[in-house]
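Trainee: Take a look at my_file-v8.cif, mmCIF, C-alpha atoms:
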```cif
data_start
#
loop_
_atom_site.group_PDB
_atom_site.id
_atom_site.type_symbol
_atom_site.label_atom_id
_atom_site.label_comp_id
_atom_site.auth_asym_id
_atom_site.auth_seq_id
_atom_site.Cartn_x
_atom_site.Cartn_y
_atom_site.Cartn_z
ATOM 1 C CA MET A 295 78.007 27.483 -34.134
ATOM 2 C CA THR A 296 80.698 24.837 -34.152
ATOM 3 C CA ARG A 297 79.525 21.606 -35.682
ATOM 4 C CA TRP A 298 81.297 18.331 -36.334
ATOM 5 C CA GLU A 299 80.174 15.065 -37.803
ATOM 6 C CA GLY A 300 78.071 12.924 -35.558
ATOM 7 C CA SER A 301 77.266 15.700 -33.098
ATOM 8 C CA HIS A 302 73.791 16.868 -32.265
ATOM 9 C CA THR A 303 73.018 20.385 -33.332
ATOM 10 C CA HIS A 304 70.964 22.746 -31.305
ATOM 11 C CA GLU A 305 68.100 22.329 -33.768
ATOM 12 C CA ASP A 306 68.331 18.538 -33.444
ATOM 13 C CA GLU A 307 68.157 18.853 -29.672
ATOM 14 C CA GLN A 308 65.114 21.085 -29.784
ATOM 15 C CA SER A 309 63.184 18.968 -32.238
ATOM 16 C CA ARG A 310 64.001 15.868 -30.264
ATOM 17 C CA ALA A 311 63.131 17.576 -27.008
ATOM 18 C CA ALA A 312 59.869 18.767 -28.464
ATOM 19 C CA LEU A 313 59.116 15.240 -29.590
ATOM 20 C CA CYS A 314 59.933 13.879 -26.166
ATOM 21 C CA GLY A 315 58.233 16.749 -24.398
ATOM 22 C CA ARG A 316 61.212 16.810 -22.108
ATOM 23 C CA TYR A 317 62.340 20.422 -22.378
ATOM 24 C CA GLY A 318 60.045 23.364 -22.636
ATOM 25 C CA SER A 319 62.734 25.747 -23.815
ATOM 26 C CA ASP A 320 66.419 26.057 -24.506
ATOM 27 C CA ASP A 321 66.898 27.429 -20.988
ATOM 28 C CA ASP A 322 65.350 24.285 -19.577
ATOM 29 C CA ARG A 323 67.638 22.144 -21.685
ATOM 30 C CA ILE A 324 70.689 24.105 -20.567
ATOM 31 C CA ARG A 325 69.650 23.736 -16.963
ATOM 32 C CA ALA A 326 69.267 19.999 -17.488
ATOM 33 C CA ASP A 327 72.482 19.651 -19.494
ATOM 34 C CA PRO A 328 74.719 22.641 -18.846
ATOM 35 C CA VAL A 329 77.790 21.137 -20.562
ATOM 36 C CA ARG A 330 77.268 21.585 -24.269
ATOM 37 C CA ARG A 331 79.617 19.998 -26.699
ATOM 38 C CA ASP A 332 79.809 23.040 -28.931
ATOM 39 C CA ASP A 333 80.868 25.173 -25.952
ATOM 40 C CA LEU A 334 83.774 22.912 -25.028
ATOM 41 C CA PHE A 335 85.925 23.586 -28.079
ATOM 42 C CA PRO A 336 85.019 27.073 -29.254
ATOM 43 C CA GLN A 337 88.209 27.403 -31.285
ATOM 44 C CA PHE A 338 88.345 23.773 -32.356
ATOM 45 C CA ALA A 339 87.556 23.499 -36.021
ATOM 46 C CA SER A 340 88.678 19.950 -36.812
ATOM 47 C CA THR A 341 85.960 17.498 -37.659
ATOM 48 C CA GLY A 342 88.190 14.501 -38.268
ATOM 49 C CA PRO A 343 89.726 11.765 -36.112
ATOM 50 C CA LEU A 344 91.778 14.333 -34.215
ATOM 51 C CA ALA A 345 88.632 15.634 -32.552
ATOM 52 C CA TYR A 346 87.850 12.168 -31.225
ATOM 53 C CA VAL A 347 91.398 11.659 -29.970
ATOM 54 C CA ALA A 348 91.471 15.015 -28.208
ATOM 55 C CA ALA A 349 88.050 14.462 -26.663
ATOM 56 C CA ALA A 350 88.967 10.988 -25.400
ATOM 57 C CA LEU A 351 92.360 11.986 -23.949
ATOM 58 C CA PRO A 352 91.059 12.717 -20.419
ATOM 59 C CA ALA A 353 89.925 9.100 -20.228
ATOM 60 C CA PHE A 354 93.493 7.835 -20.535
ATOM 61 C CA PRO A 355 94.587 8.333 -16.890
ATOM 62 C CA ILE A 356 91.377 6.740 -15.647
ATOM 63 C CA ILE A 357 91.964 3.754 -17.906
ATOM 64 C CA CYS A 358 95.467 3.520 -16.452
ATOM 65 C CA VAL A 359 93.984 3.336 -12.952
ATOM 66 C CA PHE A 360 91.851 0.362 -14.006
ATOM 67 C CA ALA A 361 94.862 -1.313 -15.579
ATOM 68 C CA LEU A 362 96.980 -0.774 -12.472
ATOM 69 C CA ILE A 363 94.294 -2.176 -10.193
ATOM 70 C CA GLY A 364 94.099 -5.237 -12.420
ATOM 71 C CA ARG A 365 97.846 -5.598 -12.433
ATOM 72 C CA TYR A 366 98.020 -5.309 -8.647
ATOM 73 C CA MET A 367 95.301 -7.939 -8.383
ATOM 74 C CA VAL A 368 97.408 -10.346 -10.417
ATOM 75 C CA GLU A 369 100.723 -9.532 -8.765
ATOM 76 C CA GLU A 370 99.548 -9.649 -5.127
ATOM 77 C CA ARG A 371 101.149 -12.756 -3.671
ATOM 78 C CA ASP A 372 99.166 -12.837 -0.461
ATOM 79 C CA GLU A 373 96.049 -14.894 -1.141
ATOM 80 C CA TYR A 374 93.973 -13.331 1.631
ATOM 81 C CA LEU A 375 94.652 -9.748 0.525
ATOM 82 C CA ARG A 376 94.022 -10.786 -3.079
ATOM 83 C CA MET A 377 90.680 -12.303 -2.070
ATOM 84 C CA LEU A 378 89.707 -9.081 -0.295
ATOM 85 C CA LEU A 379 90.613 -6.991 -3.335
ATOM 86 C CA VAL A 380 88.680 -9.241 -5.708
ATOM 87 C CA ARG A 381 85.609 -9.105 -3.478
ATOM 88 C CA GLN A 382 85.949 -5.325 -3.200
ATOM 89 C CA SER A 383 86.156 -5.019 -6.994
ATOM 90 C CA LEU A 384 83.157 -7.285 -7.526
ATOM 91 C CA ILE A 385 81.059 -5.189 -5.177
ATOM 92 C CA ALA A 386 82.232 -2.032 -6.946
ATOM 93 C CA THR A 387 81.294 -3.504 -10.332
ATOM 94 C CA ALA A 388 77.874 -4.638 -9.123
ATOM 95 C CA PHE A 389 77.199 -1.230 -7.583
ATOM 96 C CA ALA A 390 78.245 0.735 -10.664
ATOM 97 C CA LEU A 391 76.337 -1.468 -13.100
ATOM 98 C CA THR A 392 73.219 -1.466 -10.930
ATOM 99 C CA VAL A 393 73.096 2.312 -10.577
ATOM 100 C CA ALA A 394 73.926 2.857 -14.268
ATOM 101 C CA THR A 395 71.269 0.399 -15.405
ATOM 102 C CA VAL A 396 68.543 1.805 -13.165
ATOM 103 C CA TRP A 397 69.467 5.368 -14.114
ATOM 104 C CA GLY A 398 69.341 4.446 -17.774
ATOM 105 C CA PHE A 399 65.777 3.198 -17.530
ATOM 106 C CA LEU A 400 64.725 6.205 -15.471
ATOM 107 C CA GLU A 401 66.300 8.423 -18.110
ATOM 108 C CA ASN A 402 64.375 6.639 -20.857
ATOM 109 C CA PHE A 403 61.146 7.669 -19.185
ATOM 110 C CA GLY A 404 62.336 11.231 -18.765
ATOM 111 C CA LEU A 405 62.339 11.044 -14.980
ATOM 112 C CA VAL A 406 65.979 11.982 -14.494
ATOM 113 C CA PRO A 407 68.401 14.128 -16.486
ATOM 114 C CA HIS A 408 71.054 12.684 -18.737
ATOM 115 C CA VAL A 409 74.360 11.878 -17.079
ATOM 116 C CA ASP A 410 77.620 11.456 -18.953
ATOM 117 C CA SER A 411 78.813 7.885 -19.287
ATOM 118 C CA TYR A 412 82.105 8.410 -17.476
ATOM 119 C CA PHE A 413 80.125 8.674 -14.272
ATOM 120 C CA ALA A 414 80.099 4.874 -14.391
ATOM 121 C CA ALA A 415 83.793 5.034 -13.513
ATOM 122 C CA ILE A 416 83.048 7.416 -10.653
ATOM 123 C CA LEU A 417 80.389 5.024 -9.407
ATOM 124 C CA TRP A 418 82.886 2.171 -9.606
ATOM 125 C CA PHE A 419 85.393 4.043 -7.477
ATOM 126 C CA ALA A 420 82.665 4.833 -4.971
ATOM 127 C CA GLY A 421 81.788 1.134 -5.053
ATOM 128 C CA LEU A 422 85.351 0.339 -4.025
ATOM 129 C CA GLY A 423 84.617 2.227 -0.834
ATOM 130 C CA LEU A 424 81.480 0.164 -0.302
ATOM 131 C CA GLY A 425 83.486 -2.977 -0.964
ATOM 132 C CA SER A 426 86.036 -1.971 1.613
ATOM 133 C CA CYS A 427 83.257 -1.493 4.185
ATOM 134 C CA ALA A 428 81.809 -4.865 3.234
ATOM 135 C CA ASN A 429 85.192 -6.520 3.786
ATOM 136 C CA LYS A 430 85.186 -5.212 7.339
ATOM 137 C CA PHE A 431 81.853 -6.746 8.205
ATOM 138 C CA TRP A 432 81.766 -9.726 5.858
ATOM 139 C CA PRO A 433 84.473 -12.200 6.803
ATOM 140 C CA GLY A 434 86.159 -14.553 4.386
ATOM 141 C CA ARG A 435 85.348 -18.231 4.315
ATOM 142 C CA ALA A 436 84.582 -18.357 7.996
ATOM 143 C CA ALA A 437 84.620 -21.488 10.066
ATOM 144 C CA MET V 58 88.076 -23.600 10.358
ATOM 145 C CA LYS V 59 89.344 -24.083 13.874
ATOM 146 C CA ASN V 60 93.081 -24.431 14.243
ATOM 147 C CA ARG V 61 95.909 -24.487 16.737
ATOM 148 C CA LEU V 62 97.946 -21.858 15.009
ATOM 149 C CA ARG V 63 97.910 -19.407 17.899
ATOM 150 C CA VAL V 64 99.002 -22.090 20.361
ATOM 151 C CA LEU V 65 101.811 -23.281 18.117
ATOM 152 C CA ARG V 66 102.933 -19.715 17.546
ATOM 153 C CA ALA V 67 102.898 -18.954 21.285
ATOM 154 C CA GLU V 68 105.016 -22.043 22.004
ATOM 155 C CA ARG V 69 107.723 -20.593 19.831
ATOM 156 C CA GLU V 70 107.161 -17.052 21.136
ATOM 157 C CA TRP V 71 106.515 -15.752 17.656
ATOM 158 C CA SER V 72 104.402 -12.730 16.987
ATOM 159 C CA GLN V 73 101.875 -12.739 14.164
ATOM 160 C CA GLY V 74 104.330 -10.651 12.182
ATOM 161 C CA ASP V 75 107.098 -13.192 12.752
ATOM 162 C CA LEU V 76 104.888 -16.015 11.568
ATOM 163 C CA ALA V 77 103.755 -13.966 8.588
ATOM 164 C CA GLU V 78 107.330 -13.304 7.625
ATOM 165 C CA ARG V 79 108.218 -16.996 7.817
ATOM 166 C CA LEU V 80 105.212 -17.910 5.693
ATOM 167 C CA ASP V 81 105.731 -15.032 3.252
ATOM 168 C CA VAL V 82 102.219 -13.730 3.804
ATOM 169 C CA SER V 83 100.782 -10.596 5.376
ATOM 170 C CA ARG V 84 100.110 -10.225 9.082
ATOM 171 C CA GLN V 85 96.428 -9.764 8.242
ATOM 172 C CA SER V 86 96.435 -13.206 6.647
ATOM 173 C CA VAL V 87 97.859 -14.805 9.776
ATOM 174 C CA ASN V 88 95.297 -13.011 11.930
ATOM 175 C CA ALA V 89 92.438 -14.041 9.645
ATOM 176 C CA ILE V 90 93.545 -17.692 9.654
ATOM 177 C CA GLU V 91 94.007 -17.793 13.439
ATOM 178 C CA THR V 92 90.596 -16.293 14.093
ATOM 179 C CA GLY V 93 88.929 -18.624 11.607
ATOM 180 C CA ARG V 94 87.778 -15.809 9.319
ATOM 181 C CA TYR V 95 89.761 -17.226 6.415
ATOM 182 C CA ASP V 96 90.640 -20.772 5.416
ATOM 183 C CA PRO V 97 94.074 -21.006 3.779
ATOM 184 C CA SER V 98 94.569 -22.586 0.395
ATOM 185 C CA LEU V 99 96.127 -26.036 0.204
ATOM 186 C CA PRO V 100 99.616 -24.785 -0.711
ATOM 187 C CA LEU V 101 99.569 -22.351 2.210
ATOM 188 C CA ALA V 102 98.258 -25.040 4.558
ATOM 189 C CA PHE V 103 101.147 -27.264 3.503
ATOM 190 C CA ARG V 104 103.633 -24.444 4.105
ATOM 191 C CA ILE V 105 102.181 -23.908 7.587
ATOM 192 C CA ALA V 106 102.417 -27.612 8.338
ATOM 193 C CA GLU V 107 106.001 -27.807 7.104
ATOM 194 C CA LEU V 108 106.967 -24.771 9.187
ATOM 195 C CA PHE V 109 105.707 -26.407 12.377
ATOM 196 C CA ASP V 110 106.816 -29.881 11.263
ATOM 197 C CA LEU V 111 103.334 -31.256 11.764
ATOM 198 C CA ALA V 112 100.619 -32.732 9.595
ATOM 199 C CA ILE V 113 97.878 -30.432 8.370
ATOM 200 C CA GLU V 114 95.325 -32.409 10.389
ATOM 201 C CA ASP V 115 97.353 -31.751 13.560
ATOM 202 C CA ILE V 116 97.038 -28.012 13.044
ATOM 203 C CA PHE V 117 93.616 -27.576 11.416
ATOM 204 C CA THR V 118 90.410 -29.264 12.562
ATOM 205 C CA ALA V 119 88.393 -30.661 9.678
ATOM 206 C CA PRO V 120 84.908 -29.097 9.559
ATOM 207 C CA SER V 121 83.314 -32.549 9.511
ATOM 208 C CA ARG V 122 85.041 -33.394 12.775
ATOM 209 C CA GLU V 123 83.959 -30.078 14.298
ATOM 210 C CA THR V 124 80.252 -30.845 13.839
ATOM 211 C CA SER V 125 80.573 -34.417 15.075
ATOM 212 C CA ARG V 126 81.860 -33.294 18.492
#
```
Rewrite the coordinates I just gave you, this time as structure tokens.
Mentor:
Amino acid sequence: MTRWEGSHTHEDEQSRAALCGRYGSDDDRIRADPVRRDDLFPQFASTGPLAYVAAALPAFPIICVFALIGRYMVEERDEYLRMLLVRQSLIATAFALTVATVWGFLENFGLVPHVDSYFAAILWFAGLGLGSCANKFWPGRAA
Amino acid sequence: MKNRLRVLRAEREWSQGDLAERLDVSRQSVNAIETGRYDPSLPLAFRIAELFDLAIEDIFTAPSRETSR
């Protein structure tokens, strides 16, 4: 089995699961968390910094999206459109943080399965949609 | 905030797009200001006033004066 520093081994998972009473068997754990780290890089033998860099690479384009949205927010010269974008982003942030926080506490009590952290970004993008809807029905500083 | 923007624009036969172009803002901004959904910032209010060669108070009705009527 592939193992690198800082990862959880299958034995660690089972002992922890047994302690938490969360998973009855390895099949249950796989059903709850089908993406296993040691299955992602079957040929990957490096345990050093390169493993972290390679694993974090998919995050780079998403980070670029955040940076570009921020840059557009600063560069937009029209104050009304800028206000709409800021409000949309605030709603997206509130939505993502709320769902992530609630899910985290539910997960602590074993009520919901673990979800990878990058889903916070997905929630934020979904929140942009909610923010756009809110902008339609929630006017600016109305008279 | 109530304003006379639409009237002033109609007097000059400008569309919302024409006014937006002269003010260097988007057409949505002009629409939002005309309908009272958005109050412009002070610099934009000054630009609007200078464009129509009027004082800001001649274009926009102060909220305090709206409630006193």
Trainee: Taking the file as shown, find all residues satisfying the PyMOL selection byres ((chain A and resi 375) around 12) and write them as an MDAnalysis selection string.
Mentor: (chainID A and resid 366:374 376:382 426 429 434) or (chainID V and resid 82:89 95 97)
Trainee: Skip Leu80 (chain V) itself and residues of its chain fewer than 4 positions away, then list as a ChimeraX atom specification all residues within 9 Å of it, counting only C-alpha atoms.
Mentor: /V:75-76,87,101,104-105,108
Trainee: Pull C-alpha atoms from the residues just selected and write them as a CSV table (one decimal), keeping the file's coordinate frame.
Mentor:
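This is the output file out-v8.csv:
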```
chain,number,residue,atom,x,y,z
V,75,ASP,CA,107.1,-13.2,12.8
V,76,LEU,CA,104.9,-16.0,11.6
V,87,VAL,CA,97.9,-14.8,9.8
V,101,LEU,CA,99.6,-22.4,2.2
V,104,ARG,CA,103.6,-24.4,4.1
V,105,ILE,CA,102.2,-23.9,7.6
V,108,LEU,CA,107.0,-24.8,9.2
```
Trainee: What does the structure give for the distance between CA of Ser411 (chain A) and CA of Ile357 (chain A), in Å to one decimal?
Mentor: 13.9 Å
Trainee: Which residues fall under the PyMOL selection byres ((chain V and resi 116-118) around 9) in this file, as a list in words?
Mentor: Met58, Lys59, Asn60, Arg61, Leu62, Leu65, Ala102, Ile105, Ala106, Phe109, Leu111, Ala112, Ile113, Glu114, Asp115, Ala119, Pro120, Ser121, Arg122 and Glu123 of chain V
Trainee: Run the PyMOL selection byres ((chain A and resi 408) around 9) on the file and write out the hits as a list in words.
Mentor: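 Selection result, ordered by chain and number: Ala326, Asp327, Trp397, Gly398, Glu401, Gly404, Val406, Pro407, Val409 and Asp410 of chain A.
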Trainee: Work out how far CA of Leu362 (chain A) is from CA of Leu424 (chain A), in Å to one decimal.
Mentor: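 Atom-to-atom, CA of Leu424 (chain A) to CA of Leu362 (chain A), that is 19.7 Å.
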Trainee: I'd like to know which of A:Tyr346, A:Phe360, A:Phe403, A:Trp432 is closest to Trp418 (chain A), using all atoms listed in the file.
Mentor: A:Phe360
Trainee: When distances are computed from only C-alpha atoms, which of A:Ala414, A:Leu422, A:Ile385, A:Leu391 shows the smallest separation from Ile356 (chain A)?
Mentor: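 Nearest candidate to Ile356 (chain A) out of A:Ala414, A:Leu422, A:Ile385, A:Leu391: A:Ala414.
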Trainee: What gap, in Å, lies between CA of Ala390 (chain A) and CA of Leu405 (chain A)?
Mentor: 19.4 Å
Trainee: Would you please work out which residue, of V:Ser72, V:Asp96, V:Ile90, V:Glu107, is nearest to chain A when using only C-alpha atoms?
Mentor: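 Checking each of V:Ser72, V:Asp96, V:Ile90, V:Glu107 against chain A, counting only C-alpha atoms, the winner is V:Asp96.
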Trainee: With all atoms listed in the file as the atoms that count, which of A:Lys430, A:Leu417, A:Ala394, A:Phe389 lies nearest to chain V?
Mentor: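 Answer, going by the shortest atom-to-atom distance: A:Lys430.
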